[in-house]
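Remarks on the structure that follows.
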Amino acid sequence: MEWLTGNFGDFWSTYSTLIFQVGVHALLALSIWLTLSCGLLSLANAAFMGIGAYVSALLTLHLGWSFGAVLLAGGLAPAAVALIIGAPVLRLSGVYLAMATLAFGEVVRITILNLEITGGPEGLNGIPLATEGWHIVLILALTVYGLARLRRSKVGRAFEAIKEDEVAARLMGINVDRYKLLAFVLGGFIAGVAGALNAHFTFFISPREYGFESAVDILTMAVLGGTSGLFGPILGASILTLLPELLRSLHDFRSLVNGAILVLVVLFLPKGIWEPRRIRAWFKRLKGAKA
Amino acid sequence: MLEQQLLNALTLGSVYALFALGFTLVFGVLAIINLSHGAMFMVGSYAALTLVTRLDAPLWAAMLGAMLISGTLGLLVDVLILKPLRARNAPHLIPMIATIGVSIMLTSAAQGLFGAEVLRFPDDTLPAGEFVIGEVHVRALEIAIVAIAFVLMAALFTTLKRTQLGRALRAIAESPKAAWLLGINVEGLFHVTSFVAAALGGIAGVLIGLDFNAITPQMGQPILQKGIAAIILGGMGDIRGALFGGLFLGFAEVLSKAYLSSQMGDAVAFGLLFLILLVRPSGLFGRKLERKA
């Protein structure tokens, strides 16, 4: 038994950061899934994550708040920002919304880069390690549970109606603007909590982590996994986080494979890797072949 | 000193404009945001460098070669990836993600082939002349960059305005279906557009590579952001808008770096961008968007 725990200890000390990363990325992918499920292509999630990370880290470092309070604040701060910018930004749709949210993300990143309290380009160092494995598992589970309940509720159905046809949804008496704002704010909250969790196990955060590339990465995770259900974003986040590690032997060329997989999935699995309908069809065919 | 800064700004801005033109052309005609455009820019830069250092090609030939190589790459992306997605009628988010994949692949390939370190053009390949007007030092290189950028842009404008090809392209930008019904070879022109856009991106890469004399695998990323900003400022899909947006960003960047802090310039540019999107989402030149049901 001892060798088992010993091995597990080694494994954990080597890979715990990576596994934490998977959890955080899954939360981020779910946060963008939420806005996508309401038909909004918002790319502000990396910025919301950054706001959450910085607010929580600063509260821990300067005011010594407890971890639970810090996590909550890390979620509420970007949610408040989303509430403020939501009304004007969400009038835009499609590509324009994507671009506006990207521009917002750049403004956030550059602001962090130039503020004194955030440590500028050097970032914040020496954030105490507070995140533990079960925190991430618990929060991820709560998020999945919450989102699953949301999908089946009146709100989730309203989101779906808006995604399918905004005008029709409005004609049915759905308060489209209100629901869009709700999706945007909730997405910001989840991304912020993910950022706060992340800041408290990486020891160090810098504005570089919350820029354009992260915004695109988050979107990629969700779309790669598939946005028709909740499992897709989690799967996509896991794949894109673990793949570079698995391909480590390829050295400089490992992202080449990463990129190629992305292209191939988009070409051949248009709805993402996890698409319940296709998987059910596969099982049916398998059964048919046996019979 | 202001004159010197204005000259630098003009040089940078004209390359931004050239880059943004290709970007906006693809958006206007193919209706996708091509996030591999920055990678084409990087490829152009490395292609020219390789032609100069390995094959001893003269600079003008290296520029042509770089346009050809990045253009062909753009064409390949269109034929192999974007065409099947069009055939499937994929929502616009999907081709955008495919181009992210392409961008990752090209960046990684460049890093594997050339290494992550900064590469430079050998000194003797750059036009060396420099003369002084008043207090302004003008490098022959800068004149060449501005001249090449503006000649190419003028050629593109004329083609789009005056030729049959340009009319066909504008018809497609209006409505691909209607253009197809009129007997225009829509698929063929999509390929042409992809080639031309990537070639313009590639030559912009060569010009920036020469101006700063620094080539890295990641050089496409910041300019991609500038390109996005430029075409939003000017109005997406609008050719004049891209020219204006590119020049504006060049001036904003150089002047704010010189007179404000080095970083706040970007914040001003993107903050302005954000505001423009809120007030006038179609950009400064774009037509009013119709409400799409």
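Every chain in the structure tokens takes a letter, A first, then B, and so on in the order presented; its residues are numbered from 1, and the ligands are numbered from 1 following the presented order.
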Practice problem: Please determine the contact residues of chain B with respect to chain A at a cut-off of 8 Å, counting only C-alpha atoms, and supply them as a PyMOL selection string. | Solution: chain B and resi 81+84-85+90+94-95+97-109+111-112+225+228-229+232+263-264+266-267+270-271+273-274+277-278+281+293
Self-check item: Spatial neighbours of stretch 137-143 of chain B, max dist 10 Å, only C-alpha atoms, sep filter under 4 positions, as a list in words
Solution: Glu3, Gln4, Leu7, Asn8, Leu10, Thr11, Leu12, Leu126, Pro127, Ala128, Gly129, Glu130, Phe131, Val132, Ile133, Ala147, Ile148, Ala149, Leu207, Leu210 and Asp211 of chain B
Keeping only N, CA and C atoms, take the residues you just selected and write them out as a compact mmCIF listing (two decimals), in the first residue's frame.
```txt
# COMPACT_ATOMS: atom_id res chain seq x y z
N GLU B 3 8.89 66.61 -36.35
CA GLU B 3 8.93 66.15 -37.75
C GLU B 3 9.47 64.73 -37.83
N GLN B 4 10.52 64.48 -37.04
CA GLN B 4 11.12 63.14 -37.05
C GLN B 4 10.09 62.09 -36.63
N LEU B 7 7.56 61.41 -39.29
CA LEU B 7 8.08 60.53 -40.34
C LEU B 7 8.01 59.07 -39.90
N ASN B 8 8.46 58.82 -38.64
CA ASN B 8 8.37 57.45 -38.12
C ASN B 8 6.94 56.95 -38.12
N LEU B 10 4.49 57.92 -40.01
CA LEU B 10 4.02 57.66 -41.37
C LEU B 10 4.51 56.29 -41.85
N THR B 11 5.78 55.99 -41.55
CA THR B 11 6.33 54.70 -41.96
C THR B 11 5.56 53.55 -41.33
N LEU B 12 5.41 53.63 -40.02
CA LEU B 12 4.71 52.56 -39.31
C LEU B 12 3.25 52.47 -39.75
N LEU B 126 20.39 46.04 -46.59
CA LEU B 126 19.45 47.14 -46.42
C LEU B 126 19.91 48.34 -47.22
N PRO B 127 18.97 49.09 -47.81
CA PRO B 127 19.36 50.32 -48.46
C PRO B 127 19.95 51.26 -47.41
N ALA B 128 21.18 51.75 -47.68
CA ALA B 128 21.92 52.39 -46.60
C ALA B 128 21.79 53.91 -46.58
N GLY B 129 21.32 54.51 -47.68
CA GLY B 129 21.35 55.97 -47.79
C GLY B 129 20.60 56.67 -46.68
N GLU B 130 21.06 57.85 -46.35
CA GLU B 130 20.35 58.66 -45.37
C GLU B 130 20.61 60.11 -45.70
N PHE B 131 19.59 60.93 -45.71
CA PHE B 131 19.88 62.33 -45.92
C PHE B 131 19.10 63.17 -44.92
N VAL B 132 19.49 64.44 -44.85
CA VAL B 132 18.96 65.29 -43.81
C VAL B 132 18.20 66.44 -44.43
N ILE B 133 16.94 66.60 -44.05
CA ILE B 133 16.16 67.74 -44.48
C ILE B 133 15.87 68.56 -43.24
N ALA B 147 6.89 54.20 -49.85
CA ALA B 147 6.59 54.16 -51.28
C ALA B 147 5.96 52.82 -51.66
N ILE B 148 6.59 51.73 -51.23
CA ILE B 148 6.07 50.41 -51.58
C ILE B 148 4.65 50.24 -51.04
N ALA B 149 4.45 50.63 -49.78
CA ALA B 149 3.12 50.48 -49.18
C ALA B 149 2.08 51.26 -49.98
N LEU B 207 8.30 44.48 -44.75
CA LEU B 207 8.59 45.91 -44.51
C LEU B 207 8.83 46.19 -43.03
N LEU B 210 12.15 44.85 -42.03
CA LEU B 210 13.23 45.74 -42.45
C LEU B 210 13.30 46.97 -41.55
N ASP B 211 12.13 47.53 -41.26
CA ASP B 211 12.09 48.78 -40.50
C ASP B 211 12.69 48.59 -39.11
```
Quiz item: stretch 6-148 of chain B: which residues are strand (DSSP E) by DSSP, as a PyMOL selection string?
Solution: chain B and resi 130-133+136-139
Quiz item: Running DSSP on the backbone, which parts of stretch 19-64 of chain B land in helix (DSSP H, G or I), as JSON, numbers by chain?
Solution: {"B": [19, 20, 21, 22, 23, 24, 25, 26, 27, 28, 29, 30, 37, 38, 39, 40, 41, 42, 43, 44, 45, 46, 47, 48, 49, 50, 51, 52, 53, 54, 59, 60, 61, 62, 63, 64]}
Self-check item: Atom pair atom CA of B:Gln221 / atom CA of B:Ala39: separation (Å)
Solution: 7.6 Å
